[in-house]
file query.cif (mmCIF, C-alpha atoms)
data_input
#
loop_
_atom_site.label_atom_id
_atom_site.label_comp_id
_atom_site.auth_asym_id
_atom_site.auth_seq_id
_atom_site.Cartn_x
_atom_site.Cartn_y
_atom_site.Cartn_z
CA MET A 155 73.03 126.79 95.56
CA MET A 156 75.91 125.89 97.87
CA THR A 157 79.39 126.30 96.37
CA LYS A 158 81.31 123.07 96.04
CA LYS A 159 84.48 122.80 98.09
CA ARG A 160 87.55 122.71 95.85
CA ILE A 161 89.89 119.74 96.29
CA LEU A 162 93.52 119.33 95.25
CA LEU A 163 94.31 115.63 94.88
CA VAL A 164 97.92 114.57 95.54
CA ASP A 165 98.89 110.92 95.05
CA ASP A 166 101.46 109.18 92.87
CA SER A 167 99.00 106.32 92.18
CA PRO A 168 96.74 106.96 89.17
CA LEU A 169 94.38 104.30 90.54
CA VAL A 170 93.94 106.16 93.83
CA ARG A 171 93.44 109.50 92.08
CA ASN A 172 90.83 107.90 89.76
CA LEU A 173 89.07 106.34 92.68
CA ILE A 174 88.93 109.53 94.78
CA ARG A 175 87.80 111.51 91.75
CA LYS A 176 85.05 108.95 91.20
CA PHE A 177 83.97 109.15 94.86
CA LEU A 178 83.84 112.95 94.83
CA SER A 179 82.02 113.16 91.49
CA LYS A 180 79.11 111.36 93.14
CA THR A 181 78.71 114.17 95.71
CA ASP A 182 77.31 117.68 95.39
CA ASP A 183 79.69 119.11 97.97
CA PHE A 184 83.16 118.56 96.53
CA GLU A 185 84.92 118.96 93.19
CA VAL A 186 88.48 118.07 92.16
CA VAL A 187 90.17 121.19 90.75
CA GLY A 188 93.68 119.80 90.37
CA GLU A 189 95.83 116.69 90.62
CA ALA A 190 99.50 116.22 91.45
CA SER A 191 101.60 113.06 91.44
CA ASN A 192 104.36 114.25 93.76
CA GLY A 193 104.98 116.74 96.54
CA GLU A 194 106.74 119.29 94.36
CA GLU A 195 103.78 119.54 91.95
CA ALA A 196 101.49 119.65 94.97
CA VAL A 197 103.13 122.79 96.38
CA LYS A 198 103.10 124.49 92.97
CA LEU A 199 99.45 123.67 92.34
CA PHE A 200 98.39 124.63 95.86
CA PHE A 201 99.55 128.22 95.41
CA GLN A 202 98.18 128.36 91.87
CA LEU A 203 94.72 126.99 92.65
CA LYS A 204 94.24 127.84 96.34
CA PRO A 205 92.00 124.80 96.99
CA ASP A 206 89.80 124.46 100.06
CA ILE A 207 91.32 121.09 100.98
CA VAL A 208 94.37 119.11 99.88
CA ILE A 209 94.12 115.31 100.00
CA MET A 210 97.79 114.39 100.41
CA ASP A 211 99.50 111.01 100.07
CA VAL A 212 102.70 110.52 102.09
CA THR A 213 105.14 108.33 100.16
CA MET A 214 105.73 109.94 96.76
CA PRO A 215 108.72 110.49 94.47
CA VAL A 216 110.58 113.85 94.18
CA LYS A 217 109.08 115.22 97.42
CA ASN A 218 107.01 113.32 99.98
CA GLY A 219 103.68 114.44 101.36
CA LEU A 220 104.92 115.51 104.77
CA GLU A 221 107.60 117.76 103.24
CA ALA A 222 105.07 119.24 100.80
CA ALA A 223 102.55 119.81 103.59
CA GLN A 224 105.18 121.52 105.74
CA GLU A 225 106.09 123.85 102.87
CA ILE A 226 102.44 124.72 102.27
CA LEU A 227 101.64 125.25 105.95
CA CYS A 228 104.73 127.44 106.46
CA GLN A 229 103.42 129.94 103.95
CA GLU A 230 99.71 129.32 104.47
CA PRO A 231 99.13 128.23 108.09
CA GLY A 232 95.37 128.01 107.55
CA ALA A 233 95.67 125.46 104.72
CA LYS A 234 93.47 122.43 105.22
CA ILE A 235 95.23 119.13 104.55
CA LEU A 236 93.87 115.60 104.84
CA LEU A 237 96.68 113.04 104.94
CA ALA A 238 95.71 109.91 103.00
CA SER A 239 98.19 107.06 103.30
CA ALA A 240 98.35 103.30 103.52
CA MET A 241 100.45 103.89 106.64
CA GLY A 242 99.00 105.10 109.92
CA ASP A 243 101.45 104.27 112.71
CA ASP A 244 101.63 106.50 115.78
CA ASP A 245 105.10 107.85 114.91
CA LEU A 246 103.94 108.98 111.47
CA LEU A 247 100.80 110.61 112.89
CA ASP A 248 102.94 112.36 115.54
CA GLN A 249 105.19 113.70 112.76
CA ALA A 250 102.13 114.91 110.86
CA LEU A 251 100.70 116.60 113.94
CA ALA A 252 104.02 118.32 114.62
CA ILE A 253 103.82 119.84 111.13
CA GLY A 254 100.23 120.95 111.69
CA ILE A 255 98.25 118.19 109.98
CA LYS A 256 95.42 117.21 112.28
CA HIS A 257 93.44 114.85 110.07
CA SER A 258 94.33 111.61 108.34
CA ILE A 259 92.62 108.67 106.68
CA GLN A 260 94.15 105.26 106.06
CA LYS A 261 93.84 103.60 102.65
CA PRO A 262 91.84 101.73 101.53
CA PHE A 263 88.76 103.74 102.41
CA LYS A 264 85.15 103.78 101.27
CA GLN A 265 83.43 106.85 99.82
CA ALA A 266 81.50 107.50 103.04
CA GLN A 267 84.72 107.42 105.09
CA LEU A 268 86.39 109.92 102.75
CA ILE A 269 83.43 112.31 102.81
CA ASP A 270 83.27 112.05 106.60
CA ALA A 271 87.00 112.84 106.87
CA LEU A 272 86.70 115.82 104.49
CA ASN A 273 83.80 117.21 106.50
CA LYS A 274 85.85 116.91 109.70
CA VAL A 275 88.67 118.87 108.05
CA LEU A 276 86.19 121.59 107.07
CA GLU A 277 84.86 121.84 110.64
CA GLU A 278 88.35 122.85 111.85
CA MET B 162 116.20 87.35 114.64
CA ASP B 163 114.24 86.22 117.68
CA LYS B 164 111.68 83.57 116.61
CA GLN B 165 108.78 85.29 118.40
CA VAL B 166 109.60 88.64 116.80
CA ALA B 167 109.79 87.00 113.36
CA GLU B 168 106.42 85.33 113.89
CA GLN B 169 104.85 88.63 114.96
CA ILE B 170 106.18 90.38 111.85
CA ILE B 171 104.72 87.68 109.63
CA ARG B 172 101.38 87.88 111.47
CA SER B 173 101.40 91.63 110.77
CA PHE B 174 101.61 90.85 107.05
CA VAL B 175 98.94 88.15 107.29
CA GLY B 176 96.57 90.50 109.08
CA ALA B 177 97.32 93.34 106.65
CA THR B 178 96.64 91.15 103.61
CA MET B 179 93.31 89.98 105.01
CA ASN B 180 92.20 93.46 106.12
CA VAL B 181 93.10 95.21 102.87
CA TYR B 182 91.50 92.49 100.75
CA ARG B 183 88.32 92.62 102.85
CA SER B 184 88.14 96.43 102.67
CA LEU B 185 88.54 96.44 98.91
CA THR B 186 86.34 93.47 97.98
CA ASN B 187 83.95 92.86 100.91
CA THR B 188 85.00 89.20 100.77
CA GLU B 189 87.34 87.14 102.91
CA LEU B 190 90.73 85.53 102.50
CA VAL B 191 91.21 82.47 104.68
CA PRO B 192 94.84 82.04 105.75
CA GLY B 193 96.63 78.75 106.07
CA GLY B 194 99.39 78.27 108.62
CA ILE B 195 102.77 80.02 108.61
CA GLU B 196 105.31 77.61 107.16
CA LYS B 197 109.05 77.97 106.86
CA ALA B 198 109.86 78.14 103.14
CA PRO B 199 111.36 74.78 102.12
CA SER B 200 114.00 76.39 99.89
CA LEU B 201 115.63 79.72 99.06
CA LEU B 202 113.63 79.77 95.82
CA PHE B 203 110.07 81.05 95.53
CA LYS B 204 108.37 79.95 92.32
CA THR B 205 105.07 81.25 91.00
CA SER B 206 103.05 82.23 87.91
CA GLY B 207 100.55 85.06 87.42
CA VAL B 208 100.71 88.46 89.10
CA VAL B 209 103.57 89.07 91.51
CA ILE B 210 104.06 92.09 93.76
CA LEU B 211 107.50 92.66 95.31
CA LEU B 212 107.60 94.77 98.47
CA SER B 213 110.60 95.71 100.61
CA PHE B 214 110.95 97.26 104.02
CA SER B 215 113.82 98.53 106.13
CA GLY B 216 114.44 99.96 109.55
CA ALA B 217 114.98 97.96 112.74
CA PHE B 218 113.53 95.01 110.79
CA ALA B 219 114.38 94.56 107.15
CA GLY B 220 113.15 92.17 104.52
CA ARG B 221 111.20 91.54 101.37
CA THR B 222 107.64 90.36 100.84
CA ILE B 223 106.10 88.73 97.78
CA LEU B 224 102.37 88.63 97.11
CA ALA B 225 101.51 86.26 94.29
CA THR B 226 98.14 85.51 92.77
CA SER B 227 96.39 84.85 89.47
CA GLU B 228 95.48 87.47 86.88
CA LYS B 229 91.85 86.45 87.44
CA MET B 230 92.03 87.37 91.13
CA MET B 231 93.73 90.70 90.41
CA GLU B 232 90.99 91.43 87.81
CA PHE B 233 88.44 90.77 90.54
CA ILE B 234 90.21 93.18 92.91
CA HIS B 235 90.38 95.84 90.16
CA GLU B 236 86.69 95.46 89.36
CA CYS B 237 85.80 95.81 93.04
CA ILE B 238 87.77 99.05 93.27
CA MET B 239 86.98 100.67 89.93
CA ASP B 240 83.74 98.96 88.86
CA GLU B 241 85.15 98.30 85.38
CA LYS B 242 87.17 95.59 83.60
CA PRO B 243 90.93 96.20 83.66
CA THR B 244 93.40 96.39 80.81
CA GLN B 245 96.73 94.58 81.23
CA ASP B 246 98.34 97.84 82.35
CA ASP B 247 95.50 98.43 84.81
CA LEU B 248 96.27 95.03 86.37
CA LEU B 249 99.82 96.10 87.17
CA VAL B 250 98.70 99.47 88.56
CA THR B 251 96.11 97.76 90.74
CA ALA B 252 98.61 95.14 91.86
CA ASN B 253 101.05 97.87 92.84
CA GLU B 254 98.45 99.76 94.85
CA PHE B 255 97.18 96.57 96.51
CA GLY B 256 100.74 95.76 97.52
CA ASN B 257 101.29 99.32 98.71
CA MET B 258 98.24 99.12 100.97
CA VAL B 259 99.22 95.71 102.35
CA ILE B 260 102.73 96.80 103.25
CA GLY B 261 101.41 100.09 104.62
CA HIS B 262 99.08 98.26 106.98
CA ALA B 263 101.72 95.69 107.93
CA VAL B 264 104.35 98.32 108.67
CA THR B 265 101.79 100.34 110.67
CA ASP B 266 101.14 97.29 112.84
CA ILE B 267 104.85 96.51 113.23
CA ASN B 268 105.73 100.10 114.17
CA ASN B 269 102.90 100.29 116.70
CA ARG B 270 103.93 96.97 118.29
CA PHE B 271 107.64 97.77 118.32
CA ARG B 272 107.77 101.50 119.05
CA GLY B 273 110.82 103.25 117.72
CA SER B 274 111.59 100.59 115.10
CA ASN B 275 110.84 103.09 112.30
CA VAL B 276 110.17 100.44 109.67
CA ARG B 277 109.42 102.03 106.32
CA PRO B 278 108.39 100.44 103.03
CA THR B 279 109.94 101.08 99.63
CA PRO B 280 107.70 101.46 96.55
CA PRO B 281 106.38 98.13 95.26
CA SER B 282 107.13 96.54 91.88
CA SER B 283 104.65 94.33 90.05
CA TYR B 284 105.14 91.67 87.42
CA ILE B 285 102.98 89.43 85.27
CA GLY B 286 104.52 86.23 84.00
CA GLU B 287 104.74 82.47 83.97
CA ASN B 288 107.24 80.26 85.80
CA LEU B 289 108.85 83.10 87.72
CA THR B 290 111.56 82.22 90.26
CA PHE B 291 112.69 84.51 93.09
CA PHE B 292 115.81 83.87 95.13
CA ASN B 293 115.91 84.84 98.83
CA PHE B 294 119.57 85.40 99.53
CA LYS B 295 120.70 85.71 103.18
CA MET B 296 117.12 85.83 104.36
CA SER B 297 114.85 83.43 106.26
CA ALA B 298 111.59 83.06 104.39
CA TYR B 299 108.09 81.99 105.42
CA ASN B 300 105.03 81.15 103.34
CA VAL B 301 101.31 81.60 103.94
CA VAL B 302 98.67 80.57 101.41
CA PHE B 303 95.30 82.30 101.53
CA LYS B 304 92.20 80.75 100.02
CA SER B 305 89.17 82.61 98.66
CA ARG B 306 86.23 82.17 96.29
CA HIS B 307 88.27 83.89 93.61
CA GLY B 308 91.44 81.87 93.95
CA ASP B 309 94.56 81.58 96.07
CA LEU B 310 96.95 84.30 97.16
CA LYS B 311 100.45 83.39 98.29
CA LEU B 312 102.43 85.47 100.77
CA ASN B 313 106.18 84.96 101.10
CA VAL B 314 107.91 87.02 103.79
CA ALA B 315 111.71 86.97 103.85
CA LEU B 316 113.44 88.51 106.86
CA GLU B 317 117.04 89.66 106.88
CA GLU B 318 119.13 87.41 109.07
CA GLY B 319 120.95 89.16 111.85
CA ALA B 320 118.27 91.86 112.22
CA LYS B 321 117.36 92.85 115.80
#
call {"tool": "encode", "arguments": {"input": "query.cif", "output": "C-alpha coordinates"}}
result
Amino acid sequence: MMTKKRILLVDDSPLVRNLIRKFLSKTDDFEVVGEASNGEEAVKLFFQLKPDIVIMDVTMPVKNGLEAAQEILCQEPGAKILLASAMGDDDLLDQALAIGIKHSIQKPFKQAQLIDALNKVLEE
Amino acid sequence: MDKQVAEQIIRSFVGATMNVYRSLTNTELVPGGIEKAPSLLFKTSGVVILLSFSGAFAGRTILATSEKMMEFIHECIMDEKPTQDDLLVTANEFGNMVIGHAVTDINNRFRGSNVRPTPPSSYIGENLTFFNFKMSAYNVVFKSRHGDLKLNVALEEGAK
(Lines of atoms letter the chains of each structure in order from A and count residues from 1; the text may use other names and numbers.)
(Lines give C-alpha, C1' and ligand atoms only; values in the text may rest on other atoms or scores of the structure.)
Protein backbone atom coordinates (compact mmCIF):
# COMPACT_ATOMS: atom_id res chain seq x y z
CA MET A 1 0.00 0.00 0.00
CA MET A 2 1.38 3.37 -1.06
CA THR A 3 2.04 5.83 1.78
CA LYS A 4 -0.10 8.94 1.64
CA LYS A 5 1.74 12.20 1.14
CA ARG A 6 1.49 14.40 4.24
CA ILE A 7 0.09 17.90 3.74
CA LEU A 8 0.37 20.97 5.95
CA LEU A 9 -2.51 23.33 5.21
CA VAL A 10 -1.88 27.06 5.75
CA ASP A 11 -4.74 29.52 5.20
CA ASP A 12 -6.43 32.08 7.42
CA SER A 13 -9.84 31.19 5.92
CA PRO A 14 -11.59 28.32 7.72
CA LEU A 15 -13.76 27.86 4.61
CA VAL A 16 -10.72 27.30 2.40
CA ARG A 17 -9.12 24.91 4.89
CA ASN A 18 -12.41 22.95 5.14
CA LEU A 19 -12.71 22.81 1.40
CA ILE A 20 -9.13 21.62 0.80
CA ARG A 21 -9.47 19.07 3.58
CA LYS A 22 -12.66 17.82 1.94
CA PHE A 23 -10.96 17.58 -1.47
CA LEU A 24 -7.99 15.65 -0.08
CA SER A 25 -10.11 13.29 2.03
CA LYS A 26 -11.62 12.01 -1.22
CA THR A 27 -8.19 10.88 -2.47
CA ASP A 28 -5.99 7.95 -1.48
CA ASP A 29 -2.77 9.85 -2.11
CA PHE A 30 -2.86 12.76 0.32
CA GLU A 31 -3.70 13.37 3.97
CA VAL A 32 -3.81 16.61 5.96
CA VAL A 33 -1.52 16.27 9.00
CA GLY A 34 -1.71 19.85 10.25
CA GLU A 35 -3.38 23.22 9.76
CA ALA A 36 -2.17 26.75 10.42
CA SER A 37 -4.02 30.05 10.12
CA ASN A 38 -1.01 32.33 9.77
CA GLY A 39 2.60 32.27 8.64
CA GLU A 40 4.06 32.09 12.13
CA GLU A 41 2.08 28.94 13.01
CA ALA A 42 3.01 27.57 9.59
CA VAL A 43 6.75 27.77 10.27
CA LYS A 44 6.35 26.22 13.73
CA LEU A 45 4.22 23.36 12.43
CA PHE A 46 6.45 22.74 9.43
CA PHE A 47 9.45 21.93 11.62
CA GLN A 48 7.31 19.95 14.04
CA LEU A 49 5.52 17.81 11.46
CA LYS A 50 7.95 17.77 8.51
CA PRO A 51 5.15 17.45 5.91
CA ASP A 52 5.76 16.38 2.32
CA ILE A 53 4.03 19.47 0.94
CA VAL A 54 2.85 22.79 2.37
CA ILE A 55 -0.20 24.41 0.75
CA MET A 56 0.44 28.06 1.59
CA ASP A 57 -1.88 31.06 1.32
CA VAL A 58 -0.23 34.45 0.78
CA THR A 59 -2.20 37.17 2.57
CA MET A 60 -2.47 36.19 6.24
CA PRO A 61 -2.26 37.99 9.59
CA VAL A 62 0.86 37.92 11.84
CA LYS A 63 3.14 36.68 9.04
CA ASN A 64 2.29 36.35 5.36
CA GLY A 65 2.83 33.27 3.25
CA LEU A 66 5.84 34.54 1.33
CA GLU A 67 7.69 35.43 4.54
CA ALA A 68 6.81 32.06 6.08
CA ALA A 69 7.90 30.22 2.93
CA GLN A 70 11.20 32.11 2.87
CA GLU A 71 11.88 31.18 6.49
CA ILE A 72 11.10 27.51 5.81
CA LEU A 73 13.17 27.36 2.62
CA CYS A 74 16.15 29.07 4.29
CA GLN A 75 16.43 26.22 6.76
CA GLU A 76 15.04 23.46 4.57
CA PRO A 77 15.85 24.25 0.91
CA GLY A 78 14.21 21.03 -0.28
CA ALA A 79 10.82 21.90 1.25
CA LYS A 80 7.95 21.56 -1.20
CA ILE A 81 5.54 24.49 -1.14
CA LEU A 82 2.45 25.08 -3.27
CA LEU A 83 1.35 28.71 -3.14
CA ALA A 84 -2.45 28.97 -3.09
CA SER A 85 -3.78 32.49 -3.39
CA ALA A 86 -6.62 34.48 -4.90
CA MET A 87 -3.88 36.64 -6.41
CA GLY A 88 -1.69 35.53 -9.28
CA ASP A 89 -0.14 38.60 -10.89
CA ASP A 90 3.28 38.34 -12.54
CA ASP A 91 5.00 40.49 -9.88
CA LEU A 92 3.77 38.22 -7.08
CA LEU A 93 4.81 35.07 -8.95
CA ASP A 94 8.23 36.62 -9.61
CA GLN A 95 8.59 37.32 -5.88
CA ALA A 96 7.61 33.73 -5.11
CA LEU A 97 10.09 32.36 -7.63
CA ALA A 98 12.86 34.52 -6.18
CA ILE A 99 12.21 32.89 -2.80
CA GLY A 100 12.24 29.41 -4.33
CA ILE A 101 8.54 28.67 -4.76
CA LYS A 102 8.05 27.21 -8.21
CA HIS A 103 4.40 26.17 -8.07
CA SER A 104 1.21 28.10 -7.47
CA ILE A 105 -2.52 27.69 -7.89
CA GLN A 106 -5.08 30.49 -8.01
CA LYS A 107 -8.26 30.30 -5.92
CA PRO A 108 -10.95 29.24 -6.52
CA PHE A 109 -9.87 25.84 -7.77
CA LYS A 110 -11.57 22.49 -8.30
CA GLN A 111 -10.41 19.26 -6.67
CA ALA A 112 -8.85 17.99 -9.90
CA GLN A 113 -6.84 21.20 -10.30
CA LEU A 114 -5.52 20.95 -6.74
CA ILE A 115 -4.52 17.29 -7.12
CA ASP A 116 -2.83 18.08 -10.43
CA ALA A 117 -0.89 20.95 -8.82
CA LEU A 118 0.17 18.78 -5.86
CA ASN A 119 1.40 16.06 -8.21
CA LYS A 120 3.45 18.64 -10.13
CA VAL A 121 5.06 19.76 -6.86
CA LEU A 122 5.94 16.14 -6.06
CA GLU A 123 7.55 15.65 -9.48
CA GLU A 124 10.08 18.40 -8.67
CA MET B 1 -7.97 59.65 -12.70
CA ASP B 2 -7.92 59.16 -16.46
CA LYS B 3 -11.39 58.01 -17.62
CA GLN B 4 -10.02 55.09 -19.66
CA VAL B 5 -7.91 53.85 -16.75
CA ALA B 6 -10.93 54.07 -14.42
CA GLU B 7 -13.05 52.10 -16.87
CA GLN B 8 -10.37 49.42 -17.18
CA ILE B 9 -10.15 49.06 -13.40
CA ILE B 10 -13.91 48.63 -13.16
CA ARG B 11 -13.86 46.07 -15.99
CA SER B 12 -11.23 44.15 -14.01
CA PHE B 13 -13.69 43.92 -11.12
CA VAL B 14 -16.57 42.98 -13.43
CA GLY B 15 -14.52 40.21 -15.02
CA ALA B 16 -13.27 38.99 -11.64
CA THR B 17 -16.79 38.81 -10.20
CA MET B 18 -18.06 36.81 -13.18
CA ASN B 19 -15.07 34.45 -13.26
CA VAL B 20 -15.06 33.70 -9.55
CA TYR B 21 -18.83 33.18 -9.45
CA ARG B 22 -18.65 30.85 -12.46
CA SER B 23 -15.76 28.84 -10.97
CA LEU B 24 -17.56 28.38 -7.68
CA THR B 25 -21.10 27.72 -8.91
CA ASN B 26 -20.84 26.58 -12.57
CA THR B 27 -23.49 29.19 -13.38
CA GLU B 28 -23.29 32.62 -14.96
CA LEU B 29 -23.71 36.19 -13.82
CA VAL B 30 -24.88 38.52 -16.57
CA PRO B 31 -23.53 42.06 -16.12
CA GLY B 32 -25.42 45.22 -16.87
CA GLY B 33 -23.61 48.34 -18.03
CA ILE B 34 -21.16 50.39 -15.97
CA GLU B 35 -23.02 53.40 -14.61
CA LYS B 36 -21.70 56.36 -12.68
CA ALA B 37 -23.22 56.18 -9.20
CA PRO B 38 -25.95 58.84 -8.98
CA SER B 39 -24.98 59.86 -5.44
CA LEU B 40 -22.24 59.50 -2.83
CA LEU B 41 -24.50 57.08 -0.95
CA PHE B 42 -24.75 53.37 -1.70
CA LYS B 43 -27.82 51.76 -0.14
CA THR B 44 -28.51 48.05 0.07
CA SER B 45 -29.95 45.20 2.17
CA GLY B 46 -28.75 41.61 2.60
CA VAL B 47 -25.12 40.49 2.54
CA VAL B 48 -22.49 43.15 1.94
CA ILE B 49 -18.77 42.62 1.40
CA LEU B 50 -16.42 45.61 1.74
CA LEU B 51 -13.09 45.36 -0.05
CA SER B 52 -10.28 47.92 -0.24
CA PHE B 53 -7.19 48.21 -2.35
CA SER B 54 -4.18 50.49 -2.45
CA GLY B 55 -1.09 51.08 -4.50
CA ALA B 56 -0.87 53.16 -7.67
CA PHE B 57 -4.69 52.91 -7.75
CA ALA B 58 -6.65 53.08 -4.54
CA GLY B 59 -10.29 52.61 -3.76
CA ARG B 60 -13.03 50.58 -2.18
CA THR B 61 -15.37 47.99 -3.65
CA ILE B 62 -18.73 46.80 -2.35
CA LEU B 63 -20.33 43.52 -3.37
CA ALA B 64 -23.95 43.31 -2.27
CA THR B 65 -26.39 40.47 -2.67
CA SER B 66 -29.17 38.59 -0.91
CA GLU B 67 -28.70 36.02 1.85
CA LYS B 68 -30.38 33.53 -0.50
CA MET B 69 -27.69 34.02 -3.15
CA MET B 70 -24.87 33.74 -0.61
CA GLU B 71 -26.49 30.51 0.69
CA PHE B 72 -26.42 29.22 -2.88
CA ILE B 73 -22.71 30.09 -3.21
CA HIS B 74 -21.95 28.39 0.13
CA GLU B 75 -23.84 25.25 -0.87
CA CYS B 76 -21.96 25.10 -4.16
CA ILE B 77 -18.63 25.29 -2.34
CA MET B 78 -19.30 23.14 0.71
CA ASP B 79 -22.24 20.96 -0.37
CA GLU B 80 -24.11 21.74 2.86
CA LYS B 81 -26.55 24.37 4.16
CA PRO B 82 -24.84 27.31 5.90
CA THR B 83 -25.38 28.72 9.35
CA GLN B 84 -25.55 32.52 9.71
CA ASP B 85 -21.87 32.58 10.66
CA ASP B 86 -21.03 30.39 7.66
CA LEU B 87 -22.69 32.99 5.41
CA LEU B 88 -20.31 35.69 6.62
CA VAL B 89 -17.25 33.43 6.26
CA THR B 90 -18.32 32.49 2.73
CA ALA B 91 -19.04 36.11 1.86
CA ASN B 92 -15.58 37.10 3.07
CA GLU B 93 -13.87 34.41 1.03
CA PHE B 94 -15.96 35.18 -2.06
CA GLY B 95 -14.96 38.83 -1.74
CA ASN B 96 -11.34 37.86 -1.17
CA MET B 97 -11.30 35.83 -4.38
CA VAL B 98 -12.99 38.58 -6.40
CA ILE B 99 -10.56 41.25 -5.28
CA GLY B 100 -7.64 38.84 -5.74
CA HIS B 101 -8.63 38.22 -9.34
CA ALA B 102 -9.35 41.90 -10.01
CA VAL B 103 -6.04 43.05 -8.56
CA THR B 104 -4.21 40.33 -10.52
CA ASP B 105 -5.73 41.68 -13.73
CA ILE B 106 -4.98 45.31 -12.81
CA ASN B 107 -1.36 44.55 -11.89
CA ASN B 108 -0.80 42.57 -15.09
CA ARG B 109 -2.29 45.37 -17.22
CA PHE B 110 -0.47 48.16 -15.42
CA ARG B 111 2.92 46.65 -14.59
CA GLY B 112 4.59 48.15 -11.56
CA SER B 113 1.37 49.51 -10.06
CA ASN B 114 1.69 47.09 -7.11
CA VAL B 115 -1.99 47.23 -6.19
CA ARG B 116 -2.68 45.12 -3.12
CA PRO B 117 -5.97 44.30 -1.41
CA THR B 118 -6.73 44.60 2.30
CA PRO B 119 -8.71 41.86 4.07
CA PRO B 120 -12.45 42.04 3.36
CA SER B 121 -15.22 42.72 5.89
CA SER B 122 -18.70 41.26 5.56
CA TYR B 123 -22.02 42.39 6.95
CA ILE B 124 -25.60 41.16 7.02
CA GLY B 125 -28.32 43.73 7.52
CA GLU B 126 -31.26 45.70 6.23
CA ASN B 127 -31.29 49.26 4.92
CA LEU B 128 -27.52 49.70 5.05
CA THR B 129 -26.06 52.96 3.72
CA PHE B 130 -22.43 53.44 2.70
CA PHE B 131 -20.89 56.85 2.05
CA ASN B 132 -18.19 57.25 -0.62
CA PHE B 133 -16.22 60.26 0.53
CA LYS B 134 -13.74 61.85 -1.93
CA MET B 135 -14.17 58.98 -4.35
CA SER B 136 -15.82 58.59 -7.76
CA ALA B 137 -18.12 55.58 -7.69
CA TYR B 138 -19.54 53.32 -10.39
CA ASN B 139 -22.25 50.67 -10.24
CA VAL B 140 -22.76 47.40 -12.11
CA VAL B 141 -25.72 45.11 -11.48
CA PHE B 142 -25.34 41.43 -12.33
CA LYS B 143 -28.34 39.20 -12.93
CA SER B 144 -28.51 35.44 -12.36
CA ARG B 145 -31.01 32.64 -11.77
CA HIS B 146 -30.37 32.99 -8.06
CA GLY B 147 -30.81 36.73 -7.79
CA ASP B 148 -28.96 39.98 -8.37
CA LEU B 149 -25.48 40.96 -7.27
CA LYS B 150 -24.51 44.62 -7.10
CA LEU B 151 -20.96 45.85 -7.57
CA ASN B 152 -20.01 49.37 -6.48
CA VAL B 153 -16.43 50.43 -7.24
CA ALA B 154 -15.24 53.71 -5.74
CA LEU B 155 -11.91 55.10 -6.95
CA GLU B 156 -9.85 57.63 -5.04
CA GLU B 157 -9.86 60.94 -6.84
CA GLY B 158 -6.45 62.25 -7.74
CA ALA B 159 -4.95 58.76 -8.16
CA LYS B 160 -2.61 58.27 -11.14
call {"tool": "closest_residue", "arguments": {"input": "query.cif", "among": "A:Gln260, A:Ser191, A:Thr157, A:Asn218", "to": "chain B", "atoms": "only C-alpha atoms"}}
result
A:Gln260
call {"tool": "residues_around", "arguments": {"input": "query.cif", "residues": "A:Pro215", "least_positions_apart": "3", "cutoff": "12 Å", "atoms": "all atoms listed in the file", "output": "list in words"}}
result
Val164, Asp165, Asp166, Ser167, Ala190, Ser191, Asn192, Gly193, Glu194, Glu195, Ala196, Asp211, Val212, Asn218, Gly219, Glu221 and Ala222 of chain A; Thr279 and Pro280 of chain B
call {"tool": "resolve_selection", "arguments": {"input": "query.cif", "expression": "the PyMOL selection byres ((chain B) within 6 of (chain A))", "output": "list in words"}}
result
Met258, Gly261, His262, Thr265 and Asn269 of chain B
call {"tool": "write_last_selection", "arguments": {"input": "query.cif", "atoms": "C-alpha atoms", "output": "mmCIF file, keeping the file's coordinate frame"}}
result
data_model
loop_
_atom_site.group_PDB
_atom_site.id
_atom_site.type_symbol
_atom_site.label_atom_id
_atom_site.label_comp_id
_atom_site.auth_asym_id
_atom_site.auth_seq_id
_atom_site.Cartn_x
_atom_site.Cartn_y
_atom_site.Cartn_z
ATOM 1 C CA MET B 258 98.240 99.120 100.970
ATOM 2 C CA GLY B 261 101.410 100.090 104.620
ATOM 3 C CA HIS B 262 99.080 98.260 106.980
ATOM 4 C CA THR B 265 101.790 100.340 110.670
ATOM 5 C CA ASN B 269 102.900 100.290 116.700
#
call {"tool": "closest_residue", "arguments": {"input": "query.cif", "among": "B:Val276, B:Leu211, B:Val166, B:Leu185", "to": "B:Asn257", "atoms": "all atoms listed in the file"}}
result
B:Leu211
call {"tool": "residues_around", "arguments": {"input": "query.cif", "residues": "A:Gln265", "least_positions_apart": "4", "cutoff": "12 Å", "atoms": "all atoms listed in the file", "output": "NGL selection string"}}
result
(:A and (173-181 or 259 or 261 or 269-272)) or (:B and (184-185 or 238))
call {"tool": "residues_around", "arguments": {"input": "query.cif", "residues": "stretch 202-208 of chain A", "least_positions_apart": "6", "cutoff": "7 Å", "atoms": "all atoms listed in the file", "output": "PyMOL selection string"}}
result
chain A and resi 159-163+234-236
call {"tool": "resolve_selection", "arguments": {"input": "query.cif", "expression": "the PyMOL selection byres ((chain B and resi 178) around 9)", "output": "list in words"}}
result
Ser173, Phe174, Val175, Gly176, Ala177, Met179, Asn180, Val181, Tyr182, Arg183, Leu190, Phe255, Gly256, Met258, Val259, Ile260, His262, Ala263 and Leu312 of chain B
call {"tool": "residues_around", "arguments": {"input": "query.cif", "residues": "stretch 243-251 of chain B", "least_positions_apart": "4", "cutoff": "8 Å", "atoms": "all atoms listed in the file", "output": "MDAnalysis selection string"}}
result
(chainID A and resid 167:169) or (chainID B and resid 208 228 231:232 234:236 255 283:285)
call {"tool": "resolve_selection", "arguments": {"input": "query.cif", "expression": "the PyMOL selection byres ((chain B and resi 223-227) around 8)", "output": "list of chain:residue names"}}
result
B:Thr205, B:Ser206, B:Gly207, B:Val208, B:Val209, B:Ile210, B:Leu211, B:Leu212, B:Arg221, B:Thr222, B:Glu228, B:Lys229, B:Met230, B:Met231, B:Gly256, B:Gly308, B:Asp309, B:Leu310, B:Lys311, B:Leu312, B:Asn313, B:Val314
call {"tool": "closest_residue", "arguments": {"input": "query.cif", "among": "A:Phe200, A:Asn273, A:Asp182, A:Ile209", "to": "A:Ile255", "atoms": "all atoms listed in the file"}}
result
A:Ile209
call {"tool": "atom_distance", "arguments": {"input": "query.cif", "atom1": "atom CA of B:His307", "atom2": "atom CA of B:Thr188"}}
result
9.5 Å
call {"tool": "residues_around", "arguments": {"input": "query.cif", "residues": "A:Ala252", "least_positions_apart": "2", "cutoff": "12 Å", "atoms": "only C-alpha atoms", "output": "list in words"}}
result
Leu220, Glu221, Ala223, Gln224, Leu227, Asp245, Leu246, Leu247, Asp248, Gln249, Ala250, Gly254, Ile255 and Lys256 of chain A
call {"tool": "atom_distance", "arguments": {"input": "query.cif", "atom1": "atom CA of B:Lys197", "atom2": "atom CA of B:Asn293"}}
result
12.6 Å
call {"tool": "atom_distance", "arguments": {"input": "query.cif", "atom1": "atom CA of B:Val191", "atom2": "atom CA of B:Asn300"}}
result
13.9 Å
call {"tool": "closest_residue", "arguments": {"input": "query.cif", "among": "B:Pro281, B:Gly220, B:Gly193, B:Pro199", "to": "B:Glu318", "atoms": "all atoms listed in the file"}}
result
B:Gly220
